[in-house]
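Below: the structure, in structure tokens.
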Amino acid sequence: MPTTATFTRQDGLFIDANLHQFIEEQLCTKANTTETYQALATLVDEFGCKCRKTKHQPDDVLEVDTLLNAYQLKNHPLCHVDAQTTEAVLDEYCCQVPAIIVVALMDTLSGTQCDEPEAHEIYHRAAQLTNRSCMHRVKTASAA
């Protein structure tokens with residue numbers, strides 16, 4: 001993976017420097033950054049393989065700038081359980097992490113709701129690990 005990005009190592013993960021700064025300055029103002037990165041590492045351990053197995057588009061990547069811009073503009077990034085990886089976080093083998101894991105943690109920390117189908121388990125675990133409310137909402141069919 002050719003890149004000129006700089007990374008910060010946290011709990012066995014490599015975090016893009018811009019994302020690291022955003023997390024520390026915007027999302028962790030009321031949270032312990034060490035615990036936040038431990039939560040991210042746990043989510044990668046628990047869900048990374050499962051999400052990668054179902055990935056259906058090999059070149060589908062959620063770029064760091066797209067991810068950060070979405071949160072700065074208060075727009076939820078388009079992200080699916082079985083789709084994108086992100087170059088914002090690399091695992092211990094320098095492989096891109098499934099984007100839904102990063103988005104679930106960022107949603108949990110920022111209080112941003114998400115209704116992505118199949119993501120409830122990841123969001124519920126992110127809430128447990130950070131002692132926050134689960135931000136995943138199941139879509140309900142409206143009565144006609």
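Note on naming: chains are A, B, ... as they come in the structure tokens, residues start from 1 per chain, ligands start from 1 in the order shown.
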
Long-range neighbours of Glu116 in chain A as number ranges by chain, 8 Å cut-off, only C-alpha atoms, 3 positions minimum in chain | A: 79-81, 119-120, 136, 138

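Assigned to helix (DSSP H, G or I) in range 10-48 of chain A, given DSSP computed from backbone atoms, are Ala17, Asn18, Leu19, His20, Gln21, Phe22, Ile23, Glu24, Glu25, Gln26, Leu27, Thr33, Thr34, Glu35, Thr36, Tyr37, Gln38, Ala39, Leu40, Ala41, Thr42, Leu43, Val44, Asp45, Glu46, Phe47 and Gly48 of chain A.
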
Do you have the CA of Val97 in chain A-CA of Arg137 in chain A distance handy?
->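 Computing it gives 23.1 Å between the two atoms.
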
What is the distance between CA of Thr42 in chain A and CA of Leu109 in chain A, in Å to one decimal?
->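 Straight-line distance from CA of Thr42 in chain A to CA of Leu109 in chain A works out to 15.4 Å.
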
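Put simply, CA of Glu121 in chain A is 11.7 Å away from CA of Lys50 in chain A.
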
Range 10-25 of chain A: which residues within 6 Å, counting only C-alpha atoms, same-chain residues fewer than 6 positions away excluded, as a VMD selection string?
-> chain A and resid 88 to 92

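Between Cys95 in chain A and the residues A:Thr36, A:Asn131, A:Ala31, A:Gly48, the shortest atom-to-atom distance, using only C-alpha atoms, involves A:Gly48.
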
Report the residues of chain A whose backbone DSSP state falls under strand (DSSP E), written as a ChimeraX atom specification.
-> /A:7-10,13-16,61-62,85-90,96-98

Using only C-alpha atoms: which of A:Gln96, A:Gln38, A:Gln26, A:Asn32 has the shortest distance to Asp59 in chain A |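 Looking at the shortest contact to Asp59 in chain A, the residue is A:Gln96.
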
Counting only C-alpha atoms, which of A:Thr8, A:Glu35, A:Val103, A:Leu40 gets nearest to Thr66 in chain A?
->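 Of all the options, A:Val103 lies closest to Thr66 in chain A.
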
Shell of 12 Å around Asn69 in chain A, only C-alpha atoms, local chain residues under 5 positions omitted, as a list in words |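 Once the adjacent positions are removed, what remains is Asn18, Leu19, Phe22, Leu62, Glu63, Val64, Lys74, Asn75, His76, Pro77 and Leu78 of chain A.
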
File dump, residues just selected, all heavy atoms, as a short mmCIF file (atom, residue, chain, number, x, y, z; two decimals), in the first residue's frame:
```
data_model
loop_
_atom_site.label_atom_id
_atom_site.label_comp_id
_atom_site.auth_asym_id
_atom_site.auth_seq_id
_atom_site.Cartn_x
_atom_site.Cartn_y
_atom_site.Cartn_z
N ASN A 18 -3.87 12.43 11.07
CA ASN A 18 -5.00 13.37 11.06
C ASN A 18 -6.19 12.82 11.84
O ASN A 18 -6.85 13.55 12.58
CB ASN A 18 -5.41 13.69 9.63
CG ASN A 18 -4.34 14.46 8.89
OD1 ASN A 18 -3.67 15.32 9.46
ND2 ASN A 18 -4.13 14.14 7.63
N LEU A 19 -6.46 11.52 11.68
CA LEU A 19 -7.54 10.91 12.44
C LEU A 19 -7.20 10.90 13.93
O LEU A 19 -8.05 11.21 14.77
CB LEU A 19 -7.80 9.48 11.96
CG LEU A 19 -8.86 8.70 12.74
CD1 LEU A 19 -10.22 9.36 12.61
CD2 LEU A 19 -8.91 7.26 12.28
N PHE A 22 -7.84 14.29 15.30
CA PHE A 22 -9.28 14.54 15.37
C PHE A 22 -9.90 13.80 16.56
O PHE A 22 -10.68 14.38 17.32
CB PHE A 22 -9.96 14.10 14.07
CG PHE A 22 -11.45 14.30 14.09
CD1 PHE A 22 -11.99 15.56 13.86
CD2 PHE A 22 -12.31 13.25 14.33
CE1 PHE A 22 -13.37 15.75 13.87
CE2 PHE A 22 -13.68 13.42 14.35
CZ PHE A 22 -14.21 14.68 14.12
N LEU A 62 -12.81 3.66 2.22
CA LEU A 62 -13.26 4.93 2.79
C LEU A 62 -12.01 5.71 3.17
O LEU A 62 -11.28 5.32 4.08
CB LEU A 62 -14.13 4.68 4.03
CG LEU A 62 -14.67 5.90 4.76
CD1 LEU A 62 -15.58 6.73 3.85
CD2 LEU A 62 -15.42 5.48 6.01
N GLU A 63 -11.74 6.77 2.43
CA GLU A 63 -10.51 7.54 2.63
C GLU A 63 -10.58 8.38 3.91
O GLU A 63 -11.65 8.76 4.36
CB GLU A 63 -10.25 8.42 1.42
CG GLU A 63 -9.98 7.62 0.16
CD GLU A 63 -9.73 8.48 -1.06
OE1 GLU A 63 -9.65 9.71 -0.93
OE2 GLU A 63 -9.62 7.90 -2.15
N VAL A 64 -9.43 8.68 4.44
CA VAL A 64 -9.33 9.44 5.70
C VAL A 64 -10.03 10.79 5.57
O VAL A 64 -10.82 11.17 6.44
CB VAL A 64 -7.86 9.65 6.10
CG1 VAL A 64 -7.77 10.46 7.39
CG2 VAL A 64 -7.13 8.33 6.25
N LYS A 74 -20.92 17.05 10.37
CA LYS A 74 -22.05 16.39 11.04
C LYS A 74 -22.90 15.58 10.06
O LYS A 74 -24.11 15.48 10.20
CB LYS A 74 -22.93 17.41 11.78
CG LYS A 74 -22.19 18.30 12.73
CD LYS A 74 -22.08 17.69 14.08
CE LYS A 74 -21.55 18.70 15.08
NZ LYS A 74 -20.35 18.34 15.72
N ASN A 75 -22.24 15.01 9.04
CA ASN A 75 -22.90 14.10 8.10
C ASN A 75 -22.36 12.71 8.36
O ASN A 75 -21.16 12.52 8.47
CB ASN A 75 -22.57 14.46 6.65
CG ASN A 75 -23.22 15.74 6.21
OD1 ASN A 75 -24.28 16.10 6.71
ND2 ASN A 75 -22.59 16.43 5.30
N HIS A 76 -23.24 11.75 8.46
CA HIS A 76 -22.77 10.39 8.71
C HIS A 76 -22.12 9.84 7.44
O HIS A 76 -22.68 9.92 6.36
CB HIS A 76 -23.93 9.49 9.12
CG HIS A 76 -23.46 8.21 9.70
ND1 HIS A 76 -23.23 7.10 8.94
CD2 HIS A 76 -23.13 7.88 10.96
CE1 HIS A 76 -22.80 6.14 9.71
NE2 HIS A 76 -22.73 6.58 10.95
N PRO A 77 -20.89 9.29 7.56
CA PRO A 77 -20.24 8.72 6.37
C PRO A 77 -20.98 7.48 5.89
O PRO A 77 -21.47 6.70 6.70
CB PRO A 77 -18.84 8.36 6.87
CG PRO A 77 -18.97 8.22 8.33
CD PRO A 77 -20.08 9.14 8.76
N LEU A 78 -21.08 7.33 4.59
CA LEU A 78 -21.70 6.14 4.03
C LEU A 78 -20.76 4.97 4.25
O LEU A 78 -19.63 4.97 3.80
CB LEU A 78 -21.98 6.33 2.53
CG LEU A 78 -22.96 7.44 2.20
CD1 LEU A 78 -23.08 7.61 0.70
CD2 LEU A 78 -24.32 7.17 2.81
#
```
